[in-house]
Structures are given as structure tokens and as C-alpha cells.
$ cat protein_38.txt   # compact mmCIF, C-alpha atoms
# COMPACT_ATOMS: atom_id res chain seq x y z
CA MET A 1 0.00 0.00 0.00
CA ASN A 2 1.22 3.49 -0.85
CA PRO A 3 2.33 5.34 2.33
CA LEU A 4 0.60 8.52 1.08
CA LEU A 5 -2.74 6.79 1.72
CA ASN A 6 -1.92 6.75 5.45
CA LYS A 7 -1.47 10.52 5.69
CA GLU A 8 -4.22 12.17 7.77
CA PRO A 9 -5.37 14.69 5.10
CA VAL A 10 -5.63 11.90 2.49
CA LYS A 11 -7.57 9.68 4.94
CA ARG A 12 -9.93 12.61 5.69
CA ALA A 13 -10.56 13.21 1.97
CA GLU A 14 -11.01 9.49 1.35
CA LYS A 15 -13.49 9.17 4.23
CA ALA A 16 -15.64 12.01 2.81
CA ILE A 17 -15.43 10.56 -0.71
CA HIS A 18 -16.26 7.01 0.44
CA ALA A 19 -19.23 8.26 2.49
CA PHE A 20 -20.60 9.35 -0.89
CA ASP A 21 -19.39 6.46 -3.10
CA THR A 22 -17.16 3.59 -1.95
CA LYS A 23 -16.22 2.79 -5.57
CA ILE A 24 -14.22 6.01 -5.99
CA GLU A 25 -10.54 5.24 -5.50
CA ILE A 26 -7.69 7.52 -4.48
CA ILE A 27 -5.01 7.54 -7.17
CA CYS A 28 -1.43 8.08 -5.95
CA LEU A 29 0.78 9.63 -8.60
CA LYS A 30 4.55 9.18 -8.79
CA GLU A 31 4.88 12.77 -9.99
CA THR A 32 3.41 15.73 -8.13
CA ALA A 33 0.00 17.06 -9.13
CA ARG A 34 0.60 20.35 -7.30
CA THR A 35 -0.46 22.34 -10.39
CA ALA A 36 -3.21 21.53 -12.87
CA GLN A 37 -0.61 21.11 -15.63
CA ASP A 38 1.45 18.72 -13.48
CA ALA A 39 -1.65 16.65 -12.75
CA ALA A 40 -2.73 16.58 -16.40
CA THR A 41 0.75 15.46 -17.48
CA ALA A 42 0.87 12.72 -14.83
CA LEU A 43 -2.64 11.49 -15.70
CA GLY A 44 -2.36 11.91 -19.47
CA CYS A 45 -5.53 14.00 -19.66
CA ASN A 46 -6.60 17.47 -20.79
CA VAL A 47 -5.56 20.17 -18.30
CA GLY A 48 -9.18 21.38 -18.31
CA ALA A 49 -10.29 18.08 -16.74
CA ILE A 50 -8.27 18.89 -13.62
CA VAL A 51 -10.36 20.45 -10.86
CA LYS A 52 -8.53 23.33 -9.20
CA SER A 53 -9.70 23.86 -5.60
CA LEU A 54 -9.24 27.58 -4.92
CA ILE A 55 -9.95 29.19 -1.56
CA PHE A 56 -10.95 32.86 -1.55
CA LYS A 57 -11.28 35.23 1.37
CA THR A 58 -14.43 37.34 1.33
CA GLU A 59 -15.25 40.27 3.59
CA ASN A 60 -15.98 37.97 6.54
CA ASN A 61 -15.68 34.39 5.34
CA PHE A 62 -13.96 31.93 3.01
CA ILE A 63 -15.37 30.21 -0.07
CA LEU A 64 -14.09 27.32 -2.18
CA CYS A 65 -14.26 27.56 -5.96
CA LEU A 66 -13.82 24.43 -8.05
CA VAL A 67 -12.48 25.56 -11.40
CA SER A 68 -11.32 23.87 -14.59
CA GLY A 69 -7.52 23.60 -14.82
CA ASP A 70 -7.42 25.62 -18.03
CA LYS A 71 -9.48 28.55 -16.68
CA ARG A 72 -8.96 31.44 -14.25
CA CYS A 73 -11.48 32.23 -11.54
CA SER A 74 -12.96 35.71 -12.00
CA LEU A 75 -12.85 37.86 -8.88
CA ASN A 76 -15.36 40.23 -10.47
CA LYS A 77 -17.86 37.41 -11.07
CA LEU A 78 -17.41 36.23 -7.47
CA LYS A 79 -17.98 39.77 -6.18
CA ASN A 80 -21.19 40.00 -8.24
CA ILE A 81 -22.46 36.57 -7.12
CA LEU A 82 -21.73 37.35 -3.46
CA ASN A 83 -22.80 41.00 -3.79
CA ILE A 84 -19.68 42.23 -1.98
CA LYS A 85 -16.76 44.51 -2.79
CA ASP A 86 -13.82 42.53 -1.44
CA VAL A 87 -12.73 39.05 -2.60
CA SER A 88 -9.12 37.87 -2.75
CA MET A 89 -7.10 34.67 -2.86
CA ALA A 90 -6.71 33.25 0.63
CA HIS A 91 -3.25 33.17 2.22
CA PRO A 92 -1.73 29.64 2.32
CA ASP A 93 -1.93 29.65 6.15
CA ASP A 94 -5.66 30.45 5.95
CA VAL A 95 -6.19 27.70 3.37
CA LYS A 96 -4.64 25.21 5.81
CA LYS A 97 -6.70 26.56 8.75
CA VAL A 98 -9.99 26.50 6.84
CA THR A 99 -9.65 23.21 4.95
CA GLY A 100 -6.96 21.26 6.79
CA TYR A 101 -5.17 20.84 3.45
CA THR A 102 -2.06 22.50 2.04
CA ILE A 103 -2.13 24.25 -1.32
CA GLY A 104 -1.66 21.74 -4.13
CA GLY A 105 -3.59 19.05 -2.26
CA VAL A 106 -6.87 20.81 -1.37
CA SER A 107 -9.66 18.30 -1.82
CA PRO A 108 -13.18 19.48 -2.71
CA VAL A 109 -14.41 17.60 0.40
CA GLY A 110 -13.30 16.62 3.89
CA HIS A 111 -12.60 20.14 5.12
CA ILE A 112 -12.11 20.76 8.84
CA ASN A 113 -14.46 23.79 8.62
CA LYS A 114 -17.68 24.11 6.63
CA VAL A 115 -17.15 26.24 3.54
CA LYS A 116 -19.53 27.38 0.78
CA ILE A 117 -18.60 25.76 -2.54
CA TYR A 118 -19.07 27.09 -6.07
CA ILE A 119 -18.45 24.79 -9.03
CA ASP A 120 -17.62 26.38 -12.36
CA THR A 121 -19.94 25.23 -15.13
CA ASN A 122 -16.95 24.99 -17.53
CA LEU A 123 -16.09 21.68 -15.84
CA GLU A 124 -19.17 20.16 -17.54
CA ARG A 125 -17.16 20.02 -20.79
CA PHE A 126 -15.39 16.87 -19.58
CA LYS A 127 -16.81 13.39 -19.08
CA THR A 128 -14.26 12.63 -16.38
CA LEU A 129 -12.65 15.02 -13.90
CA PHE A 130 -9.74 14.63 -11.52
CA ALA A 131 -9.60 16.45 -8.18
CA ALA A 132 -7.04 16.56 -5.37
CA ALA A 133 -7.44 14.10 -2.52
CA GLY A 134 -5.58 15.72 0.38
CA HIS A 135 -2.00 15.60 -0.94
CA PRO A 136 -0.25 17.00 -4.06
CA ASN A 137 0.35 13.42 -5.30
CA CYS A 138 -3.18 12.12 -4.61
CA VAL A 139 -6.23 12.60 -6.81
CA PHE A 140 -9.59 10.98 -7.47
CA GLU A 141 -11.61 10.57 -10.64
CA ILE A 142 -15.25 11.71 -10.76
CA GLU A 143 -17.95 12.83 -13.19
CA PHE A 144 -19.22 16.44 -13.06
CA ASN A 145 -22.71 15.57 -11.79
CA LYS A 146 -21.27 13.34 -9.07
CA LEU A 147 -18.83 16.09 -8.05
CA THR A 148 -21.79 18.44 -7.69
CA GLN A 149 -23.62 15.89 -5.52
CA LEU A 150 -20.51 15.03 -3.48
CA THR A 151 -19.74 18.66 -2.61
CA ASN A 152 -23.28 20.09 -2.54
CA GLY A 153 -21.66 22.83 -4.58
CA GLU A 154 -23.56 25.55 -6.36
CA LYS A 155 -23.02 25.52 -10.14
CA ARG A 156 -22.07 28.97 -11.42
CA GLU A 157 -20.12 30.45 -14.29
CA ILE A 158 -17.19 31.88 -12.31
CA THR A 159 -14.29 31.94 -14.78
CA GLU A 160 -12.98 34.48 -17.24

$ encode --input "protein_38.txt" --output "C-alpha cells"
Amino acid sequence: MNPLLNKEPVKRAEKAIHAFDTKIEIICLKETARTAQDAATALGCNVGAIVKSLIFKTENNFILCLVSGDKRCSLNKLKNILNIKDVSMAHPDDVKKVTGYTIGGVSPVGHINKVKIYIDTNLERFKTLFAAAGHPNCVFEIEFNKLTQLTNGEKREITE
């Protein structure tokens, strides 16, 4: 068994994923999947099929945006959706505090604090998606509709 599967953040992600569907497996990559391009190269898939988990700080909270690996999240669209003036990328320390994951391994589920999730509709372009599973070398494969169900995320067009 791969020792990465014993790491607490990976176990936490796996527990949340398996509570939804026990058939979904954690894939441990030899190469890092810290960036969407790294993950796509390691998996041999389109970079757009990689789910980027991005944490943003709002005026008084944090939100998680799940975005296609070939797109950029639009701060202006987030501001309009949330009807607020101030949205920015969260500091790495805040990402760790909010989710329990380090940047590059932020899973869409299994966070240590509840966080509102937005899923970019551009991810629907792909039959199969890959998202981080608690470590930069761990991912899981999932279909868009199942990702939406797994995360209870709100589908929105949030990229530019």
C-alpha cells in the first residue's frame, strides 16, 4: 500500500469521498500534481479536466471555488455573485486553517471547517474530472454531476 494513503489529510478526503461512493478510488501519482498542468501530465488528460480547488477570502468568510484547470477564476464574477466589494485569494496559512489541506492538495471535500462551494460550469465540458485528494500526489476521478452531488456545490459560471 502506498504510504501517502496513510497521511491524515488523504484519509480525511477518502473518508468524505467514500461516504458518498465507496467505488471512488484515491489515485497516488509518482509525480506531483501540485499544479493543474502537473496533474494533467501525470494522468495523461486534458488540463481542463483537472479540478482546481481555490480558496478565496471574502469580507468575513472563506469560499471554495472548483475551477477547470485551463481557466482562471474571475474575482469580479465572485464579487457580483456574493454582492460584496472585497474578494481575494486566501493566504496559504488560511487555506490550511480553513480546509486542513495544504495548497496543491486541497480536496473538494473533507474540510475541517464548513465552507460554501461554487463549481464552475466549464467543468461540464469533460466526461471525467480529476480532483485533489488531500495531498499533491493524490487525486480521485469523478464525473461532473457526481462532483456536484458530493460537494453540494452551487453551479455557477465563475471563470474568465

$ residues_around --input "protein_38.txt" --residues "Ala13 of chain A" --least-positions-apart "3" --cutoff "8 Å" --atoms "only C-alpha atoms" --output "PyMOL selection string"
chain A and resi 9-10+16-17+107+109-111+133-134

$ atom_distance --input "protein_38.txt" --atom1 "atom CA of Lys11 of chain A" --atom2 "atom CA of Cys73 of chain A"
28.2 Å

$ closest_residue --input "protein_38.txt" --among "A:Arg125, A:Lys96, A:His91, A:Arg156" --to "Phe56 of chain A" --atoms "only C-alpha atoms"
A:His91

$ residues_around --input "protein_38.txt" --residues "Thr41 of chain A" --least-positions-apart "3" --cutoff "12 Å" --atoms "all atoms listed in the file" --output "PyMOL selection string"
chain A and resi 29-38+44-50+69

$ closest_residue --input "protein_38.txt" --among "A:Glu154, A:Lys52, A:Glu160, A:Ala131" --to "Glu14 of chain A" --atoms "all atoms listed in the file"
A:Ala131

$ closest_residue --input "protein_38.txt" --among "A:Ala42, A:Met89, A:Leu147, A:Leu66" --to "Asp120 of chain A" --atoms "only C-alpha atoms"
A:Leu66

$ closest_residue --input "protein_38.txt" --among "A:Thr151, A:Ile158, A:Phe140, A:Phe126" --to "Thr22 of chain A" --atoms "only C-alpha atoms"
A:Phe140

$ residues_around --input "protein_38.txt" --residues "segment 76-81 of chain A" --least-positions-apart "2" --cutoff "12 Å" --atoms "all atoms listed in the file" --output "PyMOL selection string"
chain A and resi 55-59+62-65+72-74+83-89+117-120+154-160

$ closest_residue --input "protein_38.txt" --among "A:Asn61, A:Lys15, A:Ile24, A:Asn113" --to "Glu143 of chain A" --atoms "only C-alpha atoms"
A:Ile24

$ atom_distance --input "protein_38.txt" --atom1 "atom CA of Gly100 of chain A" --atom2 "atom CA of Ile112 of chain A"
5.6 Å

$ atom_distance --input "protein_38.txt" --atom1 "atom CA of Asp93 of chain A" --atom2 "atom CA of Glu8 of chain A"
17.7 Å

$ residues_around --input "protein_38.txt" --residues "Asn145 of chain A" --least-positions-apart "3" --cutoff "10 Å" --atoms "only C-alpha atoms" --output "list in words"
Leu123, Glu124, Lys127, Ile142, Thr148, Gln149 and Leu150 of chain A

$ write_last_selection --input "protein_38.txt" --atoms "C-alpha atoms" --output "PDB file, in the frame of the given file"
ATOM      1  CA  LEU A 123     -16.090  21.680 -15.840  1.00  0.00           C
ATOM      2  CA  GLU A 124     -19.170  20.160 -17.540  1.00  0.00           C
ATOM      3  CA  LYS A 127     -16.810  13.390 -19.080  1.00  0.00           C
ATOM      4  CA  ILE A 142     -15.250  11.710 -10.760  1.00  0.00           C
ATOM      5  CA  THR A 148     -21.790  18.440  -7.690  1.00  0.00           C
ATOM      6  CA  GLN A 149     -23.620  15.890  -5.520  1.00  0.00           C
ATOM      7  CA  LEU A 150     -20.510  15.030  -3.480  1.00  0.00           C
TER       8      LEU A 150
END

$ closest_residue --input "protein_38.txt" --among "A:Val115, A:Val98, A:Leu54, A:Leu75" --to "Gly153 of chain A" --atoms "all atoms listed in the file"
A:Val115

$ axis_aligned_box --input "protein_38.txt" --around "segment 106-118 of chain A" --padding-each-side "8 Å" --output "JSON"
{"center_x": -13.2, "center_y": 22.0, "center_z": 1.4, "size_x": 28.7, "size_y": 26.8, "size_z": 30.9}

$ decode --input "protein_38.txt" --residues "segment 1-34 of chain A" --atoms "N, CA, C and O atoms" --output "JSON list (two decimals), in the first residue's frame"
[["chain", "number", "residue", "atom", "x", "y", "z"],
["A", 1, "MET", "N", 0.84, -1.19, 0.00],
["A", 1, "MET", "CA", 0.00, 0.00, 0.00],
["A", 1, "MET", "C", 0.88, 1.25, 0.00],
["A", 1, "MET", "O", 1.90, 1.31, 0.67],
["A", 2, "ASN", "N", 0.47, 2.25, -0.75],
["A", 2, "ASN", "CA", 1.22, 3.49, -0.85],
["A", 2, "ASN", "C", 1.16, 4.23, 0.49],
["A", 2, "ASN", "O", 0.08, 4.45, 1.03],
["A", 3, "PRO", "N", 2.32, 4.65, 1.04],
["A", 3, "PRO", "CA", 2.33, 5.34, 2.33],
["A", 3, "PRO", "C", 1.55, 6.66, 2.33],
["A", 3, "PRO", "O", 1.11, 7.12, 3.37],
["A", 4, "LEU", "N", 1.37, 7.27, 1.16],
["A", 4, "LEU", "CA", 0.60, 8.52, 1.08],
["A", 4, "LEU", "C", -0.84, 8.30, 1.54],
["A", 4, "LEU", "O", -1.47, 9.20, 2.09],
["A", 5, "LEU", "N", -1.36, 7.09, 1.33],
["A", 5, "LEU", "CA", -2.74, 6.79, 1.72],
["A", 5, "LEU", "C", -2.94, 6.80, 3.23],
["A", 5, "LEU", "O", -4.07, 6.86, 3.71],
["A", 6, "ASN", "N", -1.84, 6.73, 3.98],
["A", 6, "ASN", "CA", -1.92, 6.75, 5.45],
["A", 6, "ASN", "C", -1.84, 8.15, 6.03],
["A", 6, "ASN", "O", -2.01, 8.33, 7.23],
["A", 7, "LYS", "N", -1.57, 9.15, 5.19],
["A", 7, "LYS", "CA", -1.47, 10.52, 5.69],
["A", 7, "LYS", "C", -2.86, 11.02, 6.10],
["A", 7, "LYS", "O", -3.85, 10.77, 5.42],
["A", 8, "GLU", "N", -2.93, 11.73, 7.22],
["A", 8, "GLU", "CA", -4.22, 12.17, 7.77],
["A", 8, "GLU", "C", -5.07, 12.95, 6.76],
["A", 8, "GLU", "O", -6.25, 12.66, 6.61],
["A", 9, "PRO", "N", -4.52, 13.95, 6.04],
["A", 9, "PRO", "CA", -5.37, 14.69, 5.10],
["A", 9, "PRO", "C", -5.95, 13.79, 3.99],
["A", 9, "PRO", "O", -7.09, 13.97, 3.58],
["A", 10, "VAL", "N", -5.16, 12.82, 3.54],
["A", 10, "VAL", "CA", -5.63, 11.90, 2.49],
["A", 10, "VAL", "C", -6.73, 11.00, 3.07],
["A", 10, "VAL", "O", -7.76, 10.78, 2.42],
["A", 11, "LYS", "N", -6.54, 10.51, 4.28],
["A", 11, "LYS", "CA", -7.57, 9.68, 4.94],
["A", 11, "LYS", "C", -8.87, 10.48, 5.13],
["A", 11, "LYS", "O", -9.96, 9.94, 4.95],
["A", 12, "ARG", "N", -8.75, 11.76, 5.49],
["A", 12, "ARG", "CA", -9.93, 12.61, 5.69],
["A", 12, "ARG", "C", -10.68, 12.81, 4.37],
["A", 12, "ARG", "O", -11.90, 12.71, 4.32],
["A", 13, "ALA", "N", -9.93, 13.07, 3.29],
["A", 13, "ALA", "CA", -10.56, 13.21, 1.97],
["A", 13, "ALA", "C", -11.22, 11.90, 1.55],
["A", 13, "ALA", "O", -12.37, 11.89, 1.11],
["A", 14, "GLU", "N", -10.49, 10.80, 1.74],
["A", 14, "GLU", "CA", -11.01, 9.49, 1.35],
["A", 14, "GLU", "C", -12.28, 9.14, 2.13],
["A", 14, "GLU", "O", -13.24, 8.61, 1.55],
["A", 15, "LYS", "N", -12.31, 9.46, 3.41],
["A", 15, "LYS", "CA", -13.49, 9.17, 4.23],
["A", 15, "LYS", "C", -14.71, 9.92, 3.69],
["A", 15, "LYS", "O", -15.80, 9.35, 3.57],
["A", 16, "ALA", "N", -14.53, 11.20, 3.36],
["A", 16, "ALA", "CA", -15.64, 12.01, 2.81],
["A", 16, "ALA", "C", -16.08, 11.48, 1.44],
["A", 16, "ALA", "O", -17.28, 11.40, 1.16],
["A", 17, "ILE", "N", -15.12, 11.09, 0.63],
["A", 17, "ILE", "CA", -15.43, 10.56, -0.71],
["A", 17, "ILE", "C", -16.15, 9.22, -0.58],
["A", 17, "ILE", "O", -17.17, 8.99, -1.23],
["A", 18, "HIS", "N", -15.66, 8.34, 0.28],
["A", 18, "HIS", "CA", -16.26, 7.01, 0.44],
["A", 18, "HIS", "C", -17.63, 7.06, 1.12],
["A", 18, "HIS", "O", -18.45, 6.17, 0.90],
["A", 19, "ALA", "N", -17.89, 8.09, 1.91],
["A", 19, "ALA", "CA", -19.23, 8.26, 2.49],
["A", 19, "ALA", "C", -20.24, 8.51, 1.38],
["A", 19, "ALA", "O", -21.42, 8.19, 1.50],
["A", 20, "PHE", "N", -19.76, 9.07, 0.27],
["A", 20, "PHE", "CA", -20.60, 9.35, -0.89],
["A", 20, "PHE", "C", -20.65, 8.15, -1.84],
["A", 20, "PHE", "O", -21.71, 7.76, -2.32],
["A", 21, "ASP", "N", -19.48, 7.57, -2.14],
["A", 21, "ASP", "CA", -19.39, 6.46, -3.10],
["A", 21, "ASP", "C", -18.12, 5.64, -2.82],
["A", 21, "ASP", "O", -17.01, 6.10, -3.06],
["A", 22, "THR", "N", -18.31, 4.44, -2.32],
["A", 22, "THR", "CA", -17.16, 3.59, -1.95],
["A", 22, "THR", "C", -16.37, 3.10, -3.16],
["A", 22, "THR", "O", -15.26, 2.59, -3.01],
["A", 23, "LYS", "N", -16.92, 3.25, -4.36],
["A", 23, "LYS", "CA", -16.22, 2.79, -5.57],
["A", 23, "LYS", "C", -15.16, 3.77, -6.05],
["A", 23, "LYS", "O", -14.30, 3.42, -6.85],
["A", 24, "ILE", "N", -15.21, 5.01, -5.56],
["A", 24, "ILE", "CA", -14.22, 6.01, -5.99],
["A", 24, "ILE", "C", -12.90, 5.74, -5.27],
["A", 24, "ILE", "O", -12.86, 5.66, -4.05],
["A", 25, "GLU", "N", -11.85, 5.58, -6.05],
["A", 25, "GLU", "CA", -10.54, 5.24, -5.50],
["A", 25, "GLU", "C", -9.61, 6.45, -5.50],
["A", 25, "GLU", "O", -9.67, 7.29, -6.40],
["A", 26, "ILE", "N", -8.74, 6.50, -4.51],
["A", 26, "ILE", "CA", -7.69, 7.52, -4.48],
["A", 26, "ILE", "C", -6.55, 7.03, -5.36],
["A", 26, "ILE", "O", -6.09, 5.89, -5.21],
["A", 27, "ILE", "N", -6.11, 7.87, -6.27],
["A", 27, "ILE", "CA", -5.01, 7.54, -7.17],
["A", 27, "ILE", "C", -3.76, 8.26, -6.66],
["A", 27, "ILE", "O", -3.77, 9.48, -6.49],
["A", 28, "CYS", "N", -2.71, 7.49, -6.39],
["A", 28, "CYS", "CA", -1.43, 8.08, -5.95],
["A", 28, "CYS", "C", -0.51, 8.19, -7.16],
["A", 28, "CYS", "O", -0.22, 7.18, -7.81],
["A", 29, "LEU", "N", -0.08, 9.39, -7.45],
["A", 29, "LEU", "CA", 0.78, 9.63, -8.60],
["A", 29, "LEU", "C", 2.24, 9.64, -8.17],
["A", 29, "LEU", "O", 2.56, 10.10, -7.08],
["A", 30, "LYS", "N", 3.11, 9.14, -9.06],
["A", 30, "LYS", "CA", 4.55, 9.18, -8.79],
["A", 30, "LYS", "C", 5.03, 10.64, -8.85],
["A", 30, "LYS", "O", 5.83, 11.07, -8.04],
["A", 31, "GLU", "N", 4.51, 11.36, -9.84],
["A", 31, "GLU", "CA", 4.88, 12.77, -9.99],
["A", 31, "GLU", "C", 3.87, 13.63, -9.22],
["A", 31, "GLU", "O", 2.74, 13.24, -9.02],
["A", 32, "THR", "N", 4.30, 14.82, -8.84],
["A", 32, "THR", "CA", 3.41, 15.73, -8.13],
["A", 32, "THR", "C", 2.28, 16.21, -9.03],
["A", 32, "THR", "O", 2.45, 16.34, -10.24],
["A", 33, "ALA", "N", 1.14, 16.47, -8.41],
["A", 33, "ALA", "CA", 0.00, 17.06, -9.13],
["A", 33, "ALA", "C", -0.30, 18.41, -8.48],
["A", 33, "ALA", "O", -1.44, 18.83, -8.39],
["A", 34, "ARG", "N", 0.76, 19.08, -8.01],
["A", 34, "ARG", "CA", 0.60, 20.35, -7.30],
["A", 34, "ARG", "C", -0.09, 21.41, -8.17],
["A", 34, "ARG", "O", -0.85, 22.22, -7.70]]
